[in-house]
Amino acid sequence: MSNGFPLLSLCLFWPLLGALPLAVPVGRMSARRWALVVAGLELLFCLWAFAAFRPEDGDFQLVEDYPWIPGLNVRFLLGVDGISIGFLPMTALVTLAALLTGWNAVQRLNRFYLALLLALESVTIGVFTALDTVLFFLFWELTLPPLFFLIGLWGVGPHRRYAAMKYTLYMLFGGVPLLFAFILLATAGEPGALPVFGLPELLRSPLPASAQTVVFGLLLLGFAVKAPLLPFHTWLPTVAMEAPPQIAALLLGLKLGVYGIVRFAIPLAPAAASEYRWPLAIGGAVTLIYGALVALRQTNLRRLLAYAGVSHVGMVILGIASFNLSGLQGALMQLLNFASVAASLMLIAGMLQQRLGSNDALQLGGLAKPLP
């Protein structure tokens, strides 16, 4: 904790608690203003956590450890390190920007929309702070219900329900290998011993080389779907076209799948990751080139940004596969840069869509007709 104060719990639960009053009127304050206050305070709390982080300390910091399911040795374990700390304020910033740019975009079921958006922010913070694999998997799967409704109910395309279902099915498919990998990791110890789900303990007791290949393959498959890497990328262009631009910005900017590869797949199976880094690099290179070439042929701005996002994931994977400090630092920096740049561009595309009725570049040029 930070001087005994549960700072990460505050960052985690504050948006969720702020979403609860949206179910009932909040005095004279409108639902939008209340959500803005909650999102603004969440950004301040995340900046507080960022300021409390000590870069010279290489261990997990701001750690909170509470018993949760003692019989299975599952704990409510939160913490951050240099890999995850930057994603807390970035998540809060992108959510706040999405709220502001969509201020007048949602006209029906406004309270439900804002409550789901804040709930999504809360569980996303949970993904970045969870140090127990069961807790991480819980937050990972809890991102699905808010996104299913946000895409299906408030999407801007004619096939928004199809996009919501496609995204959900892809993520459920990716969650299965993650679950099996975490179970294998937890039960790899001595027979009869309690399973181990805490990430710090798992890092201190690496798996045998024979088991690392299976675990690395399962983790890489599960996270590749969310990243997305080829050939699991098709959900992103669909969602970018059909979802509300604010939600598409969150999905495009915050690369939870790539974070999972850096946080879990490589540290928990280092020998297998080193052995298969060349196939990983080749997959990243193919994703990089394919996404860029397809993006060049797009006339719709949102679809262009979606394929550019796929291409940038390939670039980040190449940096990770280099297996050196500069490559990893560059990959993390690119993830944070891309979160701000890609989310901002998607929000701008959404504002163009709202004002002009189209995101197609062929219909956006020319001032002679619309201006006096």
# chains A, B, ... in the order shown; residues from 1 in each chain; ligands from 1
call {"tool": "select_by_dssp", "arguments": {"residues": "range 165-357 of chain A", "states": "helix (DSSP H, G or I)", "output": "NGL selection string"}}
result
:A and (165-186 or 199-204 or 209-226 or 235-242 or 245-253 or 256-268 or 270-275 or 277-296 or 301-321 or 325-356)
call {"tool": "select_by_dssp", "arguments": {"residues": "range 123-359 of chain A", "states": "strand (DSSP E or B)", "output": "short mmCIF file (atom, residue, chain, number, x, y, z; two decimals) with N, CA and C atoms, in the first residue's frame"}}
result
data_model
loop_
_atom_site.label_atom_id
_atom_site.label_comp_id
_atom_site.auth_asym_id
_atom_site.auth_seq_id
_atom_site.Cartn_x
_atom_site.Cartn_y
_atom_site.Cartn_z
N ALA A 130 -4.21 -6.70 -11.31
CA ALA A 130 -4.36 -8.01 -10.68
C ALA A 130 -3.06 -8.79 -10.74
N ASP A 132 -3.03 -11.93 -9.08
CA ASP A 132 -3.48 -13.30 -8.89
C ASP A 132 -4.13 -13.74 -10.19
N GLY A 198 -0.82 -16.89 -7.27
CA GLY A 198 -0.19 -15.58 -7.17
C GLY A 198 0.95 -15.43 -8.16
N ASN A 300 -12.62 4.36 -45.71
CA ASN A 300 -13.33 4.69 -44.47
C ASN A 300 -12.32 4.90 -43.35
#
call {"tool": "residues_around", "arguments": {"residues": "range 331-336 of chain A", "least_positions_apart": "5", "cutoff": "7 Å", "atoms": "only C-alpha atoms", "output": "list in words"}}
result
Val316, Gly319 and Ile320 of chain A
call {"tool": "write_last_selection", "arguments": {"atoms": "all heavy atoms", "output": "PDB file, in the first residue's frame"}}
result
ATOM      1  N   VAL A 316       4.687  -3.977 -32.166  1.00  0.00           N
ATOM      2  CA  VAL A 316       4.951  -4.184 -30.745  1.00  0.00           C
ATOM      3  C   VAL A 316       5.435  -5.612 -30.488  1.00  0.00           C
ATOM      4  O   VAL A 316       6.360  -5.839 -29.697  1.00  0.00           O
ATOM      5  CB  VAL A 316       3.690  -3.869 -29.923  1.00  0.00           C
ATOM      6  CG1 VAL A 316       3.887  -4.244 -28.467  1.00  0.00           C
ATOM      7  CG2 VAL A 316       3.346  -2.388 -30.031  1.00  0.00           C
ATOM      8  N   GLY A 319       9.033  -5.922 -31.233  1.00  0.00           N
ATOM      9  CA  GLY A 319       9.866  -5.403 -30.157  1.00  0.00           C
ATOM     10  C   GLY A 319       9.969  -6.372 -28.999  1.00  0.00           C
ATOM     11  O   GLY A 319      11.050  -6.558 -28.423  1.00  0.00           O
ATOM     12  N   ILE A 320       8.846  -7.010 -28.658  1.00  0.00           N
ATOM     13  CA  ILE A 320       8.863  -7.985 -27.561  1.00  0.00           C
ATOM     14  C   ILE A 320       9.737  -9.185 -27.922  1.00  0.00           C
ATOM     15  O   ILE A 320      10.505  -9.691 -27.097  1.00  0.00           O
ATOM     16  CB  ILE A 320       7.426  -8.425 -27.238  1.00  0.00           C
ATOM     17  CG1 ILE A 320       6.612  -7.236 -26.703  1.00  0.00           C
ATOM     18  CG2 ILE A 320       7.414  -9.569 -26.234  1.00  0.00           C
ATOM     19  CD1 ILE A 320       5.140  -7.530 -26.563  1.00  0.00           C
TER      20      ILE A 320
END
call {"tool": "residues_around", "arguments": {"residues": "range 292-295 of chain A", "least_positions_apart": "4", "cutoff": "12 Å", "atoms": "only C-alpha atoms", "output": "ChimeraX atom specification"}}
result
/A:237,285-288,299-315
call {"tool": "closest_residue", "arguments": {"among": "A:Thr143, A:Val134, A:Ile348, A:Thr129", "to": "Ile69 in chain A", "atoms": "only C-alpha atoms"}}
result
A:Val134
call {"tool": "decode", "arguments": {"residues": "range 130-172 of chain A", "atoms": "C-alpha atoms", "output": "mmCIF file, in the first residue's frame"}}
result
data_model
loop_
_atom_site.group_PDB
_atom_site.id
_atom_site.type_symbol
_atom_site.label_atom_id
_atom_site.label_comp_id
_atom_site.auth_asym_id
_atom_site.auth_seq_id
_atom_site.Cartn_x
_atom_site.Cartn_y
_atom_site.Cartn_z
ATOM 1 C CA ALA A 130 -4.362 -8.010 -10.680
ATOM 2 C CA LEU A 131 -1.437 -10.148 -9.512
ATOM 3 C CA ASP A 132 -3.480 -13.298 -8.886
ATOM 4 C CA THR A 133 -4.239 -15.313 -12.018
ATOM 5 C CA VAL A 134 -7.795 -16.128 -10.887
ATOM 6 C CA LEU A 135 -8.449 -12.466 -10.154
ATOM 7 C CA PHE A 136 -6.895 -11.468 -13.485
ATOM 8 C CA PHE A 137 -9.044 -13.977 -15.360
ATOM 9 C CA LEU A 138 -12.142 -12.705 -13.555
ATOM 10 C CA PHE A 139 -11.484 -9.119 -14.599
ATOM 11 C CA TRP A 140 -10.526 -10.295 -18.093
ATOM 12 C CA GLU A 141 -13.893 -11.962 -18.585
ATOM 13 C CA LEU A 142 -15.828 -9.171 -16.851
ATOM 14 C CA THR A 143 -14.878 -6.840 -19.695
ATOM 15 C CA LEU A 144 -17.227 -8.809 -21.964
ATOM 16 C CA PRO A 145 -20.716 -7.967 -20.555
ATOM 17 C CA PRO A 146 -20.287 -4.156 -20.677
ATOM 18 C CA LEU A 147 -18.803 -4.292 -24.169
ATOM 19 C CA PHE A 148 -21.533 -6.609 -25.455
ATOM 20 C CA PHE A 149 -24.243 -4.146 -24.435
ATOM 21 C CA LEU A 150 -22.290 -1.026 -25.372
ATOM 22 C CA ILE A 151 -21.717 -2.322 -28.901
ATOM 23 C CA GLY A 152 -25.085 -4.000 -29.378
ATOM 24 C CA LEU A 153 -27.325 -1.247 -27.979
ATOM 25 C CA TRP A 154 -25.520 1.959 -28.953
ATOM 26 C CA GLY A 155 -23.604 0.943 -32.064
ATOM 27 C CA VAL A 156 -23.725 3.289 -35.044
ATOM 28 C CA GLY A 157 -23.733 0.630 -37.776
ATOM 29 C CA PRO A 158 -26.599 -1.493 -39.107
ATOM 30 C CA HIS A 159 -24.869 -4.709 -37.978
ATOM 31 C CA ARG A 160 -24.054 -3.665 -34.424
ATOM 32 C CA ARG A 161 -25.656 -6.737 -32.842
ATOM 33 C CA TYR A 162 -23.649 -8.993 -35.148
ATOM 34 C CA ALA A 163 -20.487 -7.096 -34.161
ATOM 35 C CA ALA A 164 -21.297 -7.462 -30.454
ATOM 36 C CA MET A 165 -21.865 -11.196 -30.829
ATOM 37 C CA LYS A 166 -18.744 -11.664 -32.964
ATOM 38 C CA TYR A 167 -16.566 -9.858 -30.443
ATOM 39 C CA THR A 168 -18.011 -11.830 -27.538
ATOM 40 C CA LEU A 169 -17.534 -15.196 -29.244
ATOM 41 C CA TYR A 170 -13.952 -14.371 -30.181
ATOM 42 C CA MET A 171 -13.141 -13.360 -26.615
ATOM 43 C CA LEU A 172 -14.815 -16.446 -25.157
#
